[in-house]
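A.B. asks: What follows is the file entry.cif, containing mmCIF, C-alpha atoms and all ligand atoms:
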```cif
data_work
#
loop_
_atom_site.group_PDB
_atom_site.id
_atom_site.type_symbol
_atom_site.label_atom_id
_atom_site.label_comp_id
_atom_site.auth_asym_id
_atom_site.auth_seq_id
_atom_site.Cartn_x
_atom_site.Cartn_y
_atom_site.Cartn_z
ATOM 1 C CA MET O 20 22.124 -66.687 -0.150
ATOM 2 C CA PRO O 21 20.276 -69.274 1.981
ATOM 3 C CA ASP O 22 21.806 -70.082 5.371
ATOM 4 C CA TYR O 23 22.840 -73.598 4.322
ATOM 5 C CA GLN O 24 24.289 -74.560 7.700
ATOM 6 C CA ALA O 25 21.137 -73.617 9.586
ATOM 7 C CA ILE O 26 18.977 -75.381 6.987
ATOM 8 C CA LEU O 27 20.988 -78.616 7.164
ATOM 9 C CA ASP O 28 20.871 -78.653 10.980
ATOM 10 C CA GLU O 29 17.127 -78.005 10.902
ATOM 11 C CA ILE O 30 16.579 -80.848 8.422
ATOM 12 C CA ARG O 31 18.681 -83.227 10.545
ATOM 13 C CA ASP O 32 16.399 -82.528 13.520
ATOM 14 C CA GLU O 33 13.210 -82.768 11.467
ATOM 15 C CA VAL O 34 13.978 -86.164 9.904
ATOM 16 C CA GLN O 35 14.812 -87.903 13.215
ATOM 17 C CA PRO O 36 11.316 -89.478 13.491
ATOM 18 C CA LEU O 37 11.704 -90.912 9.968
ATOM 19 C CA LEU O 38 14.881 -92.841 10.793
ATOM 20 C CA VAL O 39 12.830 -95.650 12.366
ATOM 21 C CA GLN O 40 10.831 -96.128 9.161
ATOM 22 C CA GLY O 41 11.773 -98.181 6.078
ATOM 23 C CA HIS O 42 14.200 -101.107 5.818
ATOM 24 C CA VAL O 43 17.972 -101.277 5.579
ATOM 25 C CA ALA O 44 18.931 -103.285 2.455
ATOM 26 C CA ASP O 45 19.601 -106.869 3.495
ATOM 27 C CA TYR O 46 19.797 -108.668 0.139
ATOM 28 C CA ILE O 47 23.465 -107.677 0.343
ATOM 29 C CA PRO O 48 24.071 -109.137 3.834
ATOM 30 C CA ARG O 49 27.055 -106.882 4.604
ATOM 31 C CA LEU O 50 24.801 -103.812 4.293
ATOM 32 C CA ALA O 51 22.239 -105.157 6.765
ATOM 33 C CA CYS O 52 24.458 -104.391 9.772
ATOM 34 C CA VAL O 53 24.703 -100.642 9.101
ATOM 35 C CA PRO O 54 22.919 -98.796 11.961
ATOM 36 C CA ARG O 55 19.663 -97.252 10.748
ATOM 37 C CA GLU O 56 20.096 -94.217 13.076
ATOM 38 C CA LYS O 57 22.859 -92.809 10.878
ATOM 39 C CA PHE O 58 22.045 -89.556 9.126
ATOM 40 C CA GLY O 59 24.381 -87.201 7.333
ATOM 41 C CA MET O 60 24.020 -84.415 4.796
ATOM 42 C CA ALA O 61 26.523 -82.183 3.000
ATOM 43 C CA VAL O 62 26.335 -79.316 0.532
ATOM 44 C CA VAL O 63 29.192 -77.962 -1.562
ATOM 45 C CA THR O 64 28.612 -74.771 -3.521
ATOM 46 C CA LEU O 65 30.387 -73.904 -6.752
ATOM 47 C CA ASP O 66 32.692 -71.497 -4.932
ATOM 48 C CA GLY O 67 33.900 -74.430 -2.801
ATOM 49 C CA GLN O 68 32.027 -73.691 0.450
ATOM 50 C CA LEU O 69 31.221 -76.858 2.390
ATOM 51 C CA TYR O 70 28.328 -77.236 4.824
ATOM 52 C CA GLN O 71 27.644 -80.469 6.677
ATOM 53 C CA THR O 72 25.569 -81.985 9.429
ATOM 54 C CA GLY O 73 25.318 -85.276 11.357
ATOM 55 C CA ASP O 74 27.328 -88.215 10.014
ATOM 56 C CA ALA O 75 28.306 -86.384 6.825
ATOM 57 C CA ALA O 76 31.971 -87.321 7.101
ATOM 58 C CA GLU O 77 31.368 -91.059 7.598
ATOM 59 C CA ALA O 78 31.967 -93.310 4.590
ATOM 60 C CA PHE O 79 29.190 -95.663 3.481
ATOM 61 C CA SER O 80 28.588 -97.980 0.541
ATOM 62 C CA ILE O 81 27.700 -95.844 -2.485
ATOM 63 C CA GLN O 82 26.200 -98.773 -4.465
ATOM 64 C CA SER O 83 24.279 -97.468 -7.506
ATOM 65 C CA ILE O 84 25.578 -93.924 -7.118
ATOM 66 C CA SER O 85 28.738 -95.383 -8.708
ATOM 67 C CA LYS O 86 26.769 -95.765 -11.956
ATOM 68 C CA VAL O 87 27.148 -92.028 -12.589
ATOM 69 C CA TYR O 88 30.929 -92.394 -12.526
ATOM 70 C CA THR O 89 31.065 -95.455 -14.777
ATOM 71 C CA LEU O 90 28.713 -93.675 -17.188
ATOM 72 C CA THR O 91 31.132 -90.734 -17.099
ATOM 73 C CA LEU O 92 34.058 -93.038 -17.997
ATOM 74 C CA ALA O 93 32.071 -94.695 -20.794
ATOM 75 C CA LEU O 94 31.027 -91.334 -22.288
ATOM 76 C CA GLN O 95 34.620 -90.112 -22.100
ATOM 77 C CA SER O 96 35.702 -93.229 -24.010
ATOM 78 C CA ILE O 97 33.062 -93.756 -26.691
ATOM 79 C CA GLY O 98 30.735 -90.738 -26.484
ATOM 80 C CA ASP O 99 27.334 -91.086 -28.135
ATOM 81 C CA LYS O 100 28.145 -94.569 -29.483
ATOM 82 C CA LEU O 101 27.119 -95.759 -26.021
ATOM 83 C CA TRP O 102 23.483 -95.119 -26.948
ATOM 84 C CA GLN O 103 23.573 -97.904 -29.513
ATOM 85 C CA ARG O 104 23.808 -100.322 -26.574
ATOM 86 C CA VAL O 105 21.738 -98.706 -23.830
ATOM 87 C CA GLY O 106 18.647 -96.512 -23.904
ATOM 88 C CA ARG O 107 17.740 -93.217 -22.249
ATOM 89 C CA GLU O 108 14.173 -93.830 -21.116
ATOM 90 C CA PRO O 109 12.901 -94.305 -17.582
ATOM 91 C CA SER O 110 12.074 -97.960 -17.026
ATOM 92 C CA GLY O 111 9.108 -97.611 -14.664
ATOM 93 C CA ASN O 112 10.373 -100.873 -13.192
ATOM 94 C CA ALA O 113 12.522 -101.816 -10.213
ATOM 95 C CA PHE O 114 16.271 -101.238 -10.543
ATOM 96 C CA ASN O 115 16.971 -104.975 -10.758
ATOM 97 C CA SER O 116 14.030 -105.988 -12.962
ATOM 98 C CA LEU O 117 14.427 -108.477 -15.817
ATOM 99 C CA VAL O 118 11.034 -108.086 -17.480
ATOM 100 C CA GLN O 119 11.696 -105.439 -20.139
ATOM 101 C CA LEU O 120 14.888 -107.022 -21.393
ATOM 102 C CA GLU O 121 13.243 -109.848 -23.293
ATOM 103 C CA LEU O 122 10.704 -107.613 -25.012
ATOM 104 C CA GLU O 123 13.390 -105.072 -25.862
ATOM 105 C CA ASN O 124 16.007 -107.500 -27.179
ATOM 106 C CA GLY O 125 18.617 -107.095 -24.485
ATOM 107 C CA LEU O 126 18.828 -103.294 -24.822
ATOM 108 C CA PRO O 127 18.516 -101.918 -21.277
ATOM 109 C CA ARG O 128 16.234 -98.913 -20.886
ATOM 110 C CA ASN O 129 18.866 -96.650 -19.304
ATOM 111 C CA PRO O 130 22.381 -96.706 -17.774
ATOM 112 C CA PHE O 131 21.150 -96.523 -14.168
ATOM 113 C CA ILE O 132 19.068 -99.679 -13.899
ATOM 114 C CA ASN O 133 21.281 -102.672 -13.148
ATOM 115 C CA ALA O 134 20.940 -104.043 -16.691
ATOM 116 C CA GLY O 135 22.177 -100.746 -18.169
ATOM 117 C CA ALA O 136 24.998 -100.462 -15.653
ATOM 118 C CA LEU O 137 26.235 -103.934 -16.652
ATOM 119 C CA VAL O 138 26.454 -102.815 -20.290
ATOM 120 C CA VAL O 139 28.265 -99.644 -19.204
ATOM 121 C CA ALA O 140 30.658 -101.817 -17.136
ATOM 122 C CA ASP O 141 31.339 -103.869 -20.275
ATOM 123 C CA VAL O 142 32.220 -100.669 -22.167
ATOM 124 C CA VAL O 143 34.537 -99.534 -19.366
ATOM 125 C CA LEU O 144 36.273 -102.942 -19.392
ATOM 126 C CA ALA O 145 36.703 -102.698 -23.167
ATOM 127 C CA THR O 146 38.081 -99.169 -23.233
ATOM 128 C CA ARG O 147 40.249 -98.841 -20.106
ATOM 129 C CA LYS O 148 43.600 -100.504 -19.484
ATOM 130 C CA ASP O 149 43.093 -100.799 -15.745
ATOM 131 C CA PRO O 150 39.371 -100.181 -15.206
ATOM 132 C CA ARG O 151 39.385 -100.401 -11.400
ATOM 133 C CA ALA O 152 42.351 -98.074 -11.005
ATOM 134 C CA GLN O 153 40.928 -95.622 -13.515
ATOM 135 C CA LEU O 154 37.522 -95.570 -11.852
ATOM 136 C CA LEU O 155 39.148 -94.971 -8.459
ATOM 137 C CA ALA O 156 41.393 -92.263 -9.888
ATOM 138 C CA ALA O 157 38.408 -90.507 -11.466
ATOM 139 C CA ILE O 158 36.399 -90.591 -8.237
ATOM 140 C CA ARG O 159 39.332 -89.531 -6.063
ATOM 141 C CA GLY O 160 40.096 -86.718 -8.484
ATOM 142 C CA CYS O 161 36.501 -85.422 -8.610
ATOM 143 C CA SER O 162 36.030 -85.539 -4.859
ATOM 144 C CA GLY O 163 39.541 -84.420 -3.891
ATOM 145 C CA ASN O 164 39.908 -87.373 -1.505
ATOM 146 C CA PRO O 165 42.824 -89.717 -2.301
ATOM 147 C CA ASP O 166 41.720 -92.125 0.448
ATOM 148 C CA ILE O 167 38.486 -93.306 -1.207
ATOM 149 C CA ARG O 168 38.526 -97.106 -1.504
ATOM 150 C CA ASP O 169 36.438 -100.088 -2.363
ATOM 151 C CA ASP O 170 35.188 -102.410 0.379
ATOM 152 C CA PRO O 171 36.049 -105.996 -0.634
ATOM 153 C CA GLU O 172 33.757 -107.425 2.071
ATOM 154 C CA VAL O 173 30.749 -105.636 0.581
ATOM 155 C CA ALA O 174 31.707 -106.767 -2.927
ATOM 156 C CA LEU O 175 32.102 -110.386 -1.811
ATOM 157 C CA SER O 176 28.847 -110.270 0.122
ATOM 158 C CA GLU O 177 27.060 -109.051 -3.005
ATOM 159 C CA LYS O 178 28.824 -111.564 -5.256
ATOM 160 C CA ALA O 179 27.745 -114.441 -3.013
ATOM 161 C CA ASN O 180 24.126 -113.338 -3.354
ATOM 162 C CA GLY O 181 24.132 -111.635 -6.743
ATOM 163 C CA PHE O 182 21.842 -114.072 -8.519
ATOM 164 C CA ARG O 183 19.672 -111.411 -10.156
ATOM 165 C CA ASN O 184 22.639 -109.518 -11.548
ATOM 166 C CA ALA O 185 24.093 -112.795 -12.835
ATOM 167 C CA ALA O 186 20.746 -113.539 -14.484
ATOM 168 C CA LEU O 187 20.633 -110.055 -16.021
ATOM 169 C CA ALA O 188 24.181 -110.348 -17.365
ATOM 170 C CA ASN O 189 23.597 -113.793 -18.858
ATOM 171 C CA PHE O 190 20.350 -112.647 -20.423
ATOM 172 C CA ILE O 191 21.901 -109.535 -21.985
ATOM 173 C CA ARG O 192 24.803 -111.664 -23.199
ATOM 174 C CA SER O 193 22.328 -113.966 -24.962
ATOM 175 C CA PHE O 194 21.302 -110.959 -27.092
ATOM 176 C CA GLY O 195 24.949 -110.182 -27.880
ATOM 177 C CA ASN O 196 24.987 -106.909 -25.922
ATOM 178 C CA LEU O 197 27.913 -107.886 -23.656
ATOM 179 C CA GLU O 198 31.399 -108.785 -24.840
ATOM 180 C CA HIS O 199 33.389 -109.708 -21.764
ATOM 181 C CA ALA O 200 33.182 -112.816 -19.611
ATOM 182 C CA ILE O 201 30.163 -112.583 -17.318
ATOM 183 C CA ASP O 202 32.308 -113.022 -14.195
ATOM 184 C CA ASP O 203 34.634 -110.183 -15.200
ATOM 185 C CA ILE O 204 31.697 -107.849 -15.765
ATOM 186 C CA LEU O 205 30.025 -108.816 -12.496
ATOM 187 C CA ASP O 206 33.264 -108.512 -10.516
ATOM 188 C CA PHE O 207 33.849 -105.012 -11.868
ATOM 189 C CA TYR O 208 30.213 -104.076 -11.191
ATOM 190 C CA PHE O 209 30.367 -105.373 -7.585
ATOM 191 C CA PHE O 210 33.656 -103.497 -7.149
ATOM 192 C CA GLN O 211 32.142 -100.177 -8.264
ATOM 193 C CA CYS O 212 29.098 -100.699 -6.027
ATOM 194 C CA SER O 213 31.333 -101.438 -3.020
ATOM 195 C CA LEU O 214 33.119 -98.079 -3.104
ATOM 196 C CA ALA O 215 32.834 -96.267 0.207
ATOM 197 C CA MET O 216 32.361 -92.492 0.273
ATOM 198 C CA SER O 217 30.961 -89.943 2.701
ATOM 199 C CA CYS O 218 28.353 -87.275 2.000
ATOM 200 C CA VAL O 219 31.189 -84.728 1.905
ATOM 201 C CA ASP O 220 33.055 -86.839 -0.704
ATOM 202 C CA LEU O 221 29.908 -87.256 -2.781
ATOM 203 C CA ALA O 222 28.866 -83.596 -2.694
ATOM 204 C CA ARG O 223 32.391 -82.617 -3.779
ATOM 205 C CA GLY O 224 32.541 -85.500 -6.226
ATOM 206 C CA PHE O 225 29.355 -84.477 -8.071
ATOM 207 C CA LEU O 226 30.158 -80.776 -8.260
ATOM 208 C CA PHE O 227 31.508 -81.163 -11.802
ATOM 209 C CA LEU O 228 27.948 -81.971 -12.906
ATOM 210 C CA ALA O 229 26.751 -78.674 -11.394
ATOM 211 C CA ASN O 230 29.618 -76.914 -13.167
ATOM 212 C CA GLN O 231 29.027 -77.928 -16.787
ATOM 213 C CA GLY O 232 31.395 -80.890 -16.642
ATOM 214 C CA ARG O 233 34.381 -79.051 -15.201
ATOM 215 C CA CYS O 234 35.874 -79.734 -11.771
ATOM 216 C CA PRO O 235 35.673 -76.308 -10.075
ATOM 217 C CA TRP O 236 38.890 -76.535 -8.052
ATOM 218 C CA SER O 237 41.259 -78.323 -10.419
ATOM 219 C CA GLY O 238 39.789 -76.773 -13.572
ATOM 220 C CA THR O 239 39.874 -80.232 -15.202
ATOM 221 C CA ASN O 240 37.285 -80.829 -17.899
ATOM 222 C CA ILE O 241 35.758 -84.168 -16.949
ATOM 223 C CA LEU O 242 32.921 -84.049 -19.471
ATOM 224 C CA SER O 243 31.777 -81.519 -22.055
ATOM 225 C CA THR O 244 29.043 -79.041 -21.101
ATOM 226 C CA ASP O 245 26.731 -80.996 -23.342
ATOM 227 C CA GLN O 246 27.531 -84.362 -21.740
ATOM 228 C CA ALA O 247 27.110 -82.973 -18.208
ATOM 229 C CA LYS O 248 23.704 -81.583 -19.183
ATOM 230 C CA ARG O 249 22.678 -84.985 -20.489
ATOM 231 C CA ILE O 250 23.851 -86.891 -17.386
ATOM 232 C CA ASN O 251 21.817 -84.475 -15.266
ATOM 233 C CA ALA O 252 18.794 -85.133 -17.497
ATOM 234 C CA LEU O 253 19.272 -88.884 -17.052
ATOM 235 C CA MET O 254 19.562 -88.521 -13.288
ATOM 236 C CA LEU O 255 16.333 -86.548 -13.237
ATOM 237 C CA THR O 256 14.407 -89.052 -15.348
ATOM 238 C CA CYS O 257 16.051 -92.347 -14.298
ATOM 239 C CA GLY O 258 18.294 -91.742 -11.252
ATOM 240 C CA THR O 259 15.804 -92.986 -8.666
ATOM 241 C CA TYR O 260 14.286 -95.767 -10.803
ATOM 242 C CA ASP O 261 10.528 -96.239 -10.592
ATOM 243 C CA ALA O 262 10.381 -93.368 -8.099
ATOM 244 C CA ALA O 263 11.953 -90.888 -10.548
ATOM 245 C CA GLY O 264 8.647 -89.160 -11.326
ATOM 246 C CA ASP O 265 7.849 -88.739 -7.672
ATOM 247 C CA PHE O 266 11.403 -87.604 -6.872
ATOM 248 C CA ALA O 267 11.208 -84.959 -9.623
ATOM 249 C CA TYR O 268 7.826 -83.870 -8.270
ATOM 250 C CA GLN O 269 8.863 -83.766 -4.609
ATOM 251 C CA VAL O 270 12.489 -82.666 -4.865
ATOM 252 C CA GLY O 271 12.783 -81.094 -8.316
ATOM 253 C CA ILE O 272 16.472 -81.712 -9.033
ATOM 254 C CA PRO O 273 18.551 -84.432 -10.766
ATOM 255 C CA GLY O 274 19.431 -87.119 -8.224
ATOM 256 C CA LYS O 275 21.086 -90.518 -7.987
ATOM 257 C CA SER O 276 20.418 -93.008 -5.224
ATOM 258 C CA GLY O 277 22.027 -96.199 -3.968
ATOM 259 C CA VAL O 278 20.800 -99.020 -1.730
ATOM 260 C CA GLY O 279 23.468 -98.081 0.813
ATOM 261 C CA GLY O 280 21.092 -95.209 1.637
ATOM 262 C CA GLY O 281 22.906 -92.406 -0.149
ATOM 263 C CA ILE O 282 21.352 -89.923 -2.569
ATOM 264 C CA VAL O 283 23.243 -87.178 -4.399
ATOM 265 C CA GLY O 284 21.485 -84.193 -5.964
ATOM 266 C CA VAL O 285 22.765 -81.613 -8.418
ATOM 267 C CA ILE O 286 21.525 -78.057 -8.837
ATOM 268 C CA PRO O 287 23.224 -76.857 -12.020
ATOM 269 C CA ASN O 288 25.338 -73.720 -11.635
ATOM 270 C CA GLN O 289 24.774 -73.714 -7.873
ATOM 271 C CA LEU O 290 25.729 -76.752 -5.803
ATOM 272 C CA ALA O 291 25.774 -80.476 -5.166
ATOM 273 C CA VAL O 292 24.084 -81.991 -2.127
ATOM 274 C CA ALA O 293 24.472 -85.483 -0.663
ATOM 275 C CA VAL O 294 22.460 -87.214 2.022
ATOM 276 C CA TRP O 295 22.799 -90.569 3.787
ATOM 277 C CA SER O 296 20.261 -92.499 5.819
ATOM 278 C CA PRO O 297 20.456 -96.305 5.487
ATOM 279 C CA ALA O 298 16.780 -97.312 5.702
ATOM 280 C CA LEU O 299 15.080 -97.482 2.292
ATOM 281 C CA ASN O 300 11.536 -97.008 1.042
ATOM 282 C CA ALA O 301 9.713 -99.594 -1.078
ATOM 283 C CA LYS O 302 11.439 -98.352 -4.268
ATOM 284 C CA GLY O 303 14.939 -98.871 -2.842
ATOM 285 C CA ASN O 304 15.702 -95.189 -2.225
ATOM 286 C CA SER O 305 16.645 -93.769 1.175
ATOM 287 C CA LEU O 306 13.395 -92.921 2.950
ATOM 288 C CA ALA O 307 14.662 -90.142 5.216
ATOM 289 C CA GLY O 308 17.157 -89.096 2.529
ATOM 290 C CA SER O 309 14.360 -88.448 0.022
ATOM 291 C CA ALA O 310 12.449 -86.448 2.654
ATOM 292 C CA ALA O 311 15.594 -84.486 3.564
ATOM 293 C CA LEU O 312 16.175 -83.482 -0.061
ATOM 294 C CA GLU O 313 12.540 -82.463 -0.432
ATOM 295 C CA ARG O 314 12.953 -80.221 2.603
ATOM 296 C CA PHE O 315 16.248 -78.875 1.300
ATOM 297 C CA THR O 316 14.791 -77.646 -1.990
ATOM 298 C CA ALA O 317 11.670 -76.342 -0.232
ATOM 299 C CA LYS O 318 13.632 -74.431 2.432
ATOM 300 C CA THR O 319 16.268 -73.023 0.074
ATOM 301 C CA GLY O 320 13.794 -72.277 -2.715
ATOM 302 C CA LEU O 321 16.290 -73.907 -5.105
ATOM 303 C CA SER O 322 15.302 -76.436 -7.760
ATOM 304 C CA ILE O 323 15.649 -76.682 -11.504
ATOM 305 C CA PHE O 324 12.023 -75.664 -12.053
HETATM 306 O O1 LIG O 401 23.162 -104.385 -8.018
HETATM 307 C C1 LIG O 401 22.628 -104.133 -6.962
HETATM 308 O O2 LIG O 401 21.549 -104.609 -6.646
HETATM 309 C C2 LIG O 401 23.351 -103.189 -6.006
HETATM 310 N N1 LIG O 401 24.768 -103.394 -6.067
HETATM 311 C C3 LIG O 401 23.082 -101.745 -6.354
HETATM 312 C C4 LIG O 401 21.605 -101.420 -6.418
HETATM 313 C C5 LIG O 401 21.309 -100.017 -6.060
HETATM 314 O O3 LIG O 401 22.035 -99.357 -5.360
HETATM 315 C C6 LIG O 401 19.988 -99.539 -6.501
HETATM 316 N N2 LIG O 401 19.731 -98.216 -5.946
HETATM 317 N N3 LIG O 401 18.856 -97.742 -5.361
#
```
Turn this file's structure into structure tokens for me.
C.D. replies:
Amino acid sequence: MPDYQAILDEIRDEVQPLLVQGHVADYIPRLACVPREKFGMAVVTLDGQLYQTGDAAEAFSIQSISKVYTLTLALQSIGDKLWQRVGREPSGNAFNSLVQLELENGLPRNPFINAGALVVADVVLATRKDPRAQLLAAIRGCSGNPDIRDDPEVALSEKANGFRNAALANFIRSFGNLEHAIDDILDFYFFQCSLAMSCVDLARGFLFLANQGRCPWSGTNILSTDQAKRINALMLTCGTYDAAGDFAYQVGIPGKSGVGGGIVGVIPNQLAVAVWSPALNAKGNSLAGSAALERFTAKTGLSIF
């Protein structure tokens, strides 16, 4: 077995020069004040062993990583019917792009671009009695941390500046692919993006995807084996947007990023790994985080290929 602790500490030292590169997301003003020097990384193996380095226990804004959890809720509720309303192809465009929607009649390319996540949010609103509470319960349950919360300041900061998401939602609505009031969908979407979790929470919270849909410590079946396989496939092909090809090439595992600087990776039947470094590359993925994951799979010799 690789010496995960030594590898994480080595990676933390190696990425230090990268922490000055890239830009912290500032289109959500509340995120702009997060110190760029932060770096954390955590690994949880299927047998429950936890390894961590740096700021791995500090909570940060998970942003688009939340899309994996809302997709999980939507698949639990309506299964494959979801694919009548959202596609499963990489978009090759930025996460917040509007351009494909007109040509493709309001059917978002995949559930991880913002357009797709808004449709998934609509499904969650339609199928859950108390969507916010149920999303929180699912995330707390998967990660084993009952203290995980949303950050209303981050949500408000995004709402005040969320013109692109409002445009996306209105546009999709014009094609009839959203049912709820635009404000309700956006408020739920900003809520999910504002959830604050640490690398330790995220590594624990994604372990069910490395374990064929079953939470290893509670034994709860969160998704079927088949559904977990398919979410991993979507993370590999679409989880890092128009950098997904490069991420697959460099890192070689399913991954999901967020503009808060987090990225979570899954190595099926082995482990989940989460990294946090706030400054982003041009594609909106953590710059040092992407490099750290590349080093992790290179040093451990683990990948899905
Ligand atoms: O909708 C947005 O723009 C943000 N709440 C989330 C975007 C995001 O995290 C994209 N990930 N790299």
A.B. asks: Using all atoms listed in the file, can you tell me which of O:Ala61, O:Ile132, O:Ala51, O:Cys234 comes closest to Glu108 (chain O)?
C.D. replies: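 Selected residue with least distance to Glu108 (chain O): O:Ile132.
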A.B. asks: For a quick check of understanding, using only C-alpha atoms and all ligand atoms, which of O:Gln211, O:Ser162, O:Thr64, O:Gln103 has the smallest distance to ligand LIG 401 (chain O)?
C.D. replies: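 The closest residue to ligand LIG 401 (chain O) is O:Gln211.
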A.B. asks: So that I can check the surroundings of Asp245 (chain O), please list as number ranges by chain every protein, DNA and RNA residue that reaches within 10 Å of it, counting only C-alpha atoms and ignoring chain neighbours fewer than 4 positions away.
C.D. replies: O: 231-232, 249-250
A.B. asks: Need to verify the contact set: Pro171 (chain O), 12 Å, all atoms listed in the file, exclusion of same-chain residues closer than 4 positions in sequence. Can you return it as a list of chain:residue names?
C.D. replies: O:Arg49, O:Ser80, O:Leu175, O:Ser176, O:Glu177, O:Lys178, O:Asp206, O:Phe207, O:Phe209, O:Phe210, O:Gln211, O:Cys212, O:Ser213, O:Leu214, O:Ala215
A.B. asks: Those residues you just picked out, can you put them in a file as a compact mmCIF listing (two decimals), in the frame of the given file with C-alpha atoms?
C.D. replies:
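Generated file (out-v8.txt):
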```txt
# COMPACT_ATOMS: atom_id res chain seq x y z
CA ARG O 49 27.06 -106.88 4.60
CA SER O 80 28.59 -97.98 0.54
CA LEU O 175 32.10 -110.39 -1.81
CA SER O 176 28.85 -110.27 0.12
CA GLU O 177 27.06 -109.05 -3.00
CA LYS O 178 28.82 -111.56 -5.26
CA ASP O 206 33.26 -108.51 -10.52
CA PHE O 207 33.85 -105.01 -11.87
CA PHE O 209 30.37 -105.37 -7.58
CA PHE O 210 33.66 -103.50 -7.15
CA GLN O 211 32.14 -100.18 -8.26
CA CYS O 212 29.10 -100.70 -6.03
CA SER O 213 31.33 -101.44 -3.02
CA LEU O 214 33.12 -98.08 -3.10
CA ALA O 215 32.83 -96.27 0.21
```
A.B. asks: Pull the closest atom pair for each residue of chain O that gets at most 6 Å from ligand LIG 401 (chain O), along with the distance in Å to one decimal, counting all atoms listed in the file, ordering rows by chain and then ascending residue number, as JSON lines.
C.D. replies:
```
{"residue": "O:Gln82", "atom": "CA", "partner": "O:LIG401", "partner_atom": "O3", "distance": 4.3}
{"residue": "O:Ser83", "atom": "CA", "partner": "O:LIG401", "partner_atom": "O3", "distance": 3.6}
{"residue": "O:Phe114", "atom": "CA", "partner": "O:LIG401", "partner_atom": "C6", "distance": 5.7}
{"residue": "O:Asn133", "atom": "CA", "partner": "O:LIG401", "partner_atom": "O1", "distance": 5.7}
{"residue": "O:Cys212", "atom": "CA", "partner": "O:LIG401", "partner_atom": "N1", "distance": 5.1}
{"residue": "O:Ser276", "atom": "CA", "partner": "O:LIG401", "partner_atom": "N3", "distance": 5.0}
{"residue": "O:Gly277", "atom": "CA", "partner": "O:LIG401", "partner_atom": "O3", "distance": 3.5}
{"residue": "O:Val278", "atom": "CA", "partner": "O:LIG401", "partner_atom": "O3", "distance": 3.8}
{"residue": "O:Gly303", "atom": "CA", "partner": "O:LIG401", "partner_atom": "N3", "distance": 4.8}
{"residue": "O:Asn304", "atom": "CA", "partner": "O:LIG401", "partner_atom": "N3", "distance": 5.1}
```
A.B. asks: By how many Å are CA of Tyr23 (chain O) and CA of Val219 (chain O) apart?
C.D. replies: 14.1 Å
